[in-house]
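J.: Could you have a look at this structure, given as structure tokens, before my questions?
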Amino acid sequence: MKTNELIGTVVKTQRELYYVQTEDELITSKARGLFRKSDQSPLVGDKVLVTVSKEDKGGYITKILPRKNILKRPKVVNIDLAFLVFSIKHPNLNLYLLDKNLIINEYLKVETSIIFTKTDNSDIKEIENLKKMYEDIGYRVFLSSIFDDEGVKIIKREVKNRIVSFSGPSGVGKTSLISKILGKDLEIGEISNKTKRGKNTTRHTELFVTDNKGFILDTPGFSSINLDIDYDFKLDSLFREFKKYSGQCKYNDCLHLNEPDCKIKENIKNTIYQTRYDNYKMFLNEIKNNRRF
Ligand SMILES: Nc1nc2c(ncn2[C@@H]2O[C@H](COP(=O)(O)OP(=O)(O)OP(=O)(O)O)[C@@H](O)[C@H]2O)c(=O)[nH]1
Ligand SMILES: [Mg+2]
Ligand SMILES: [Zn+2]
């Protein structure tokens with residue numbers, strides 16, 4: 001029996017089957033028993049070695065290559081870039097959720113950029129201000145609208161040769177944007193007229209392959225997310241714009257709340273945006289309340 005070993009990426013899993021995209025083809029594979037016994041089973045995003053037998057077409061995953069990172073919801077691995085996708089209207093922008101996701105990704109050390117969607121139905125001044133704000137903080141910000149092919153093209157360039165996730169609240173237009181990038185129709189949700197929110201259309205975990213050799217993960221919209229950060233962890237280190245004042249407050253363990261001579265508080269409205277500081281205080285409280293004794 002002639003066999004052939006290839007390297008590929010797990011794009012979808014279904015019961016005991018793993019769909020592995022190699023350079024040239026999609027191979028429906030099974031995993032060796034040893035993976036199934038432990039909690040070491042292949043996950044979407046895994047780079048794997050797959051042995052293909054010429055006779056029965058299917059493949060066997062023989063090895064999972066080391067993972068770059070593991071994300072929890074949905075459970076995927078090896079994300080090269082996470083896009084946080086938010087609209088400004090319909091649904092309204094929620095900076096608390098955006099900042100929360102930004103700091104969680106800082107904590108997980110996942111490269112992250114921001115996309116503001118639906119630029120066609122929002123005030124251009126407001127969009128520009130937001131873009132500037134997050135660029136000042138140190139993030140790359142992209143703008144998109146389903147009516148703007150140029151914006152879609154620029155975002156598509158970011159996907160090239162990488163595994164890129166798109167996450168954000170329900171109804172912001174993640175799936176619509178991904179459909180544009182792929183040039184094919186995925187299932188798009190309707191915004192509820194009453195709540196102006198989406199209805200969580202996207203449910204499955206699957207990587208879509210782009211024609212510039214990228215992999216895209218569409219995710220179900222979220223409305224809340226838990227701040228799973230250690231109580232002892234220095235939250236301020238996850239705020240990029242706070243970092244330049246590190247060690248400059250009077251007290252070494254300054255929490256930037258009511259301490260005297262606090263550089264963070266002194267620079268609010270100067271280099272630190274009020275909403276970011278307010279969210280910092282909220283997160284600090286949440287971490288305290290999550291504390292396990
Ligand atoms: N005006 C406007 N509407 C958009 C745009 N992008 C998406 N929409 C609409 O917004 C609604 C929700 O779009 P989806 O792409 O399903 O949103 P989603 O983020 O994937 O939502 P979930 O899968 O529920 O998380 C649909 O009615 C889209 O037609 C845009 O750029 N401009
Ligand atoms: Mg969707
Ligand atoms: Zn301070």
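Just so we're on the same page: first chain in the structure tokens is A, next is B, and so on; residues restart at 1 for each chain, and ligands are numbered from 1 in the order they show up.
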Using only C-alpha atoms, which protein or nucleic acid residues come within 8 Å of Arg32 (chain A)? Drop anything in the same chain fewer than 3 positions from it, and give the result as a list in words.
T.: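 Contacts, with the query itself left out: Phe35, Arg36, Tyr60, Ile61 and Thr62 of chain A.
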J.: Restricted to all heavy atoms, what would the selected residues look like written as a compact mmCIF listing (two decimals), in the first residue's frame?
T.:
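The new file result_26.txt reads:
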```txt
# COMPACT_ATOMS: atom_id res chain seq x y z
N PHE A 35 -4.88 10.02 19.87
CA PHE A 35 -5.35 11.38 20.08
C PHE A 35 -6.72 11.39 20.75
O PHE A 35 -7.03 12.24 21.55
CB PHE A 35 -5.50 12.12 18.75
CG PHE A 35 -4.21 12.33 18.04
CD1 PHE A 35 -4.09 11.99 16.71
CD2 PHE A 35 -3.12 12.88 18.69
CE1 PHE A 35 -2.91 12.21 16.03
CE2 PHE A 35 -1.94 13.09 18.03
CZ PHE A 35 -1.82 12.75 16.69
N ARG A 36 -7.52 10.41 20.36
CA ARG A 36 -8.89 10.41 20.87
C ARG A 36 -8.95 10.06 22.34
O ARG A 36 -9.81 10.53 23.06
CB ARG A 36 -9.76 9.46 20.04
CG ARG A 36 -10.23 10.11 18.76
CD ARG A 36 -11.22 9.26 18.02
NE ARG A 36 -10.59 8.26 17.18
CZ ARG A 36 -10.76 6.97 17.31
NH1 ARG A 36 -11.53 6.52 18.27
NH2 ARG A 36 -10.15 6.13 16.50
N TYR A 60 -5.22 9.88 7.60
CA TYR A 60 -5.06 9.68 9.04
C TYR A 60 -4.16 10.76 9.60
O TYR A 60 -3.06 10.97 9.09
CB TYR A 60 -4.43 8.31 9.32
CG TYR A 60 -5.46 7.27 9.64
CD1 TYR A 60 -5.89 6.39 8.66
CD2 TYR A 60 -6.01 7.20 10.91
CE1 TYR A 60 -6.86 5.44 8.93
CE2 TYR A 60 -6.98 6.26 11.20
CZ TYR A 60 -7.40 5.38 10.21
OH TYR A 60 -8.36 4.46 10.49
N ILE A 61 -4.62 11.45 10.62
CA ILE A 61 -3.76 12.43 11.26
C ILE A 61 -2.78 11.68 12.15
O ILE A 61 -3.18 10.90 13.01
CB ILE A 61 -4.58 13.43 12.09
CG1 ILE A 61 -5.47 14.27 11.16
CG2 ILE A 61 -3.66 14.34 12.91
CD1 ILE A 61 -6.41 15.22 11.87
N THR A 62 -1.49 11.91 11.92
CA THR A 62 -0.49 11.17 12.69
C THR A 62 0.21 12.06 13.72
O THR A 62 0.80 11.58 14.67
CB THR A 62 0.60 10.58 11.77
OG1 THR A 62 1.16 11.65 11.00
CG2 THR A 62 0.01 9.53 10.85
```
J.: When you look at Phe239 (chain A) with a cut-off of 9 Å (counting only C-alpha atoms), what residues show up, excluding the ones that are within fewer than 5 positions of it in the same chain? I need them as number ranges by chain.
T.: A: 99, 102-103, 106, 137, 276, 280
J.: Show me which residues sit within 10 Å of ligand 3 when counting only C-alpha atoms and all ligand atoms, and put them as a list in words.
T.: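 With only C-alpha atoms and all ligand atoms and a cut-off of 10 Å, ligand 3 is contacted by Asp236, Phe242, Tyr245, Ser246, Gly247, Gln248, Cys249, Lys250, Tyr251, Asn252, Asp253, Cys254, Leu255, His256, Leu257, Asn258, Glu259, Pro260, Asp261, Cys262, Lys263, Ile264, Lys265 and Glu266 of chain A.
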J.: Mind checking DSSP for region 52-159 of chain A and telling me the alpha helix (DSSP H) residues as a count of residues only?
T.: 39
J.: Would you mind writing down, as a list in words, each residue of region 106-151 of chain A that DSSP on the backbone assigns to strand (DSSP E or B)?
T.: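 For region 106-151 of chain A, the strand (DSSP E or B) set is Thr112, Ser113, Ile114, Ile115, Phe116, Thr117, Val141, Phe142 and Leu143 of chain A.
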J.: Would you output that residue set with all heavy atoms, as a compact mmCIF listing (two decimals), in the first residue's frame?
T.:
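The resulting result-v8.txt:
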```
# COMPACT_ATOMS: atom_id res chain seq x y z
N THR A 112 -4.04 41.58 17.68
CA THR A 112 -5.43 42.02 17.52
C THR A 112 -5.53 43.34 16.77
O THR A 112 -4.75 44.26 17.02
CB THR A 112 -6.08 42.19 18.92
OG1 THR A 112 -5.98 40.95 19.62
CG2 THR A 112 -7.53 42.59 18.82
N SER A 113 -6.48 43.42 15.85
CA SER A 113 -6.80 44.68 15.19
C SER A 113 -8.30 44.91 15.27
O SER A 113 -9.06 44.00 15.62
CB SER A 113 -6.36 44.64 13.72
OG SER A 113 -4.96 44.56 13.62
N ILE A 114 -8.71 46.11 14.95
CA ILE A 114 -10.13 46.49 15.08
C ILE A 114 -10.73 46.79 13.72
O ILE A 114 -10.08 47.39 12.87
CB ILE A 114 -10.24 47.76 15.96
CG1 ILE A 114 -9.65 47.49 17.36
CG2 ILE A 114 -11.69 48.24 16.07
CD1 ILE A 114 -9.42 48.76 18.18
N ILE A 115 -11.97 46.36 13.52
CA ILE A 115 -12.72 46.77 12.32
C ILE A 115 -14.01 47.46 12.77
O ILE A 115 -14.77 46.89 13.55
CB ILE A 115 -13.10 45.57 11.43
CG1 ILE A 115 -11.86 44.79 10.98
CG2 ILE A 115 -13.91 46.03 10.21
CD1 ILE A 115 -12.18 43.52 10.18
N PHE A 116 -14.21 48.67 12.30
CA PHE A 116 -15.50 49.32 12.50
C PHE A 116 -16.29 49.13 11.21
O PHE A 116 -15.86 49.52 10.12
CB PHE A 116 -15.34 50.80 12.83
CG PHE A 116 -14.74 51.03 14.19
CD1 PHE A 116 -13.56 51.73 14.34
CD2 PHE A 116 -15.36 50.53 15.34
CE1 PHE A 116 -13.00 51.94 15.61
CE2 PHE A 116 -14.81 50.73 16.61
CZ PHE A 116 -13.62 51.43 16.74
N THR A 117 -17.47 48.51 11.35
CA THR A 117 -18.28 48.15 10.18
C THR A 117 -19.42 49.15 9.95
O THR A 117 -19.64 50.05 10.76
CB THR A 117 -18.92 46.76 10.36
OG1 THR A 117 -19.65 46.78 11.58
CG2 THR A 117 -17.86 45.67 10.40
N VAL A 141 -6.59 50.03 12.89
CA VAL A 141 -8.04 50.13 12.77
C VAL A 141 -8.43 50.12 11.30
O VAL A 141 -7.86 50.86 10.49
CB VAL A 141 -8.55 51.43 13.43
CG1 VAL A 141 -10.06 51.55 13.27
CG2 VAL A 141 -8.16 51.48 14.90
N PHE A 142 -9.39 49.28 10.97
CA PHE A 142 -9.88 49.18 9.59
C PHE A 142 -11.35 49.57 9.57
O PHE A 142 -12.07 49.38 10.55
CB PHE A 142 -9.70 47.75 9.08
CG PHE A 142 -8.26 47.31 9.06
CD1 PHE A 142 -7.66 46.80 10.21
CD2 PHE A 142 -7.50 47.43 7.92
CE1 PHE A 142 -6.33 46.41 10.20
CE2 PHE A 142 -6.16 47.06 7.90
CZ PHE A 142 -5.58 46.54 9.05
N LEU A 143 -11.77 50.12 8.43
CA LEU A 143 -13.16 50.51 8.27
C LEU A 143 -13.78 49.66 7.17
O LEU A 143 -13.11 49.36 6.18
CB LEU A 143 -13.26 51.99 7.91
CG LEU A 143 -12.63 52.97 8.90
CD1 LEU A 143 -12.79 54.40 8.41
CD2 LEU A 143 -13.22 52.81 10.31
```
J.: Pick from A:Leu6, A:Val48, A:Leu71, A:Ala82: nearest to Gly168 (chain A), with only C-alpha atoms counted?
T.: A:Ala82
J.: Which of these, A:Gly151, A:Pro169, A:Gly214, A:Gly221, has the shortest distance to Leu182 (chain A) once you count only C-alpha atoms?
T.: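 Smallest separation from Leu182 (chain A) among the options: A:Gly214.
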J.: For a test of reading the model, state the distance in Å between CA of Asp136 (chain A) and CA of Leu98 (chain A), rounded to one decimal.
T.: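 Computed distance, CA of Asp136 (chain A) to CA of Leu98 (chain A), equals 15.5 Å.
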J.: Looking at only C-alpha atoms and all ligand atoms, which of A:Lys125, A:Lys281, A:His90, A:Arg140 is the one that sits closest to ligand 1?
T.: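 Using only C-alpha atoms and all ligand atoms, the shortest distance to ligand 1 belongs to A:His90.
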J.: Using only C-alpha atoms and all ligand atoms, find the one residue out of A:Ile181, A:Ile155, A:Val172, A:Met133 that sits nearest to ligand 2.
T.: A:Val172
J.: Which one is closest to ligand 1: A:Phe166, A:Tyr18, A:Phe215, A:Phe233? Count only C-alpha atoms and all ligand atoms.
T.: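 Among the listed residues, the smallest separation from ligand 1 belongs to A:Phe166.
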J.: Using only C-alpha atoms and all ligand atoms, which of A:Lys30, A:Arg15, A:Lys160, A:Lys118 sits nearest ligand 1?
T.: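 Residue with the minimum atom-to-atom distance to ligand 1: A:Lys118.
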J.: So that I can check the surroundings of region 74-78 of chain A, please list as a list in words every protein, DNA and RNA residue that reaches within 10 Å of it, counting only C-alpha atoms and ignoring chain neighbours fewer than 6 positions away.
T.: Thr9, Val10, Val11, Pro42, Leu43, Val44, Gly45, Asp46, Lys47, Pro66, Arg67, Lys68, Val110, Arg162, Ile163, Val164, Ser165, Arg203, His204, Thr205, Glu206, Leu207, Leu217, Asp218, Thr219 and Pro220 of chain A
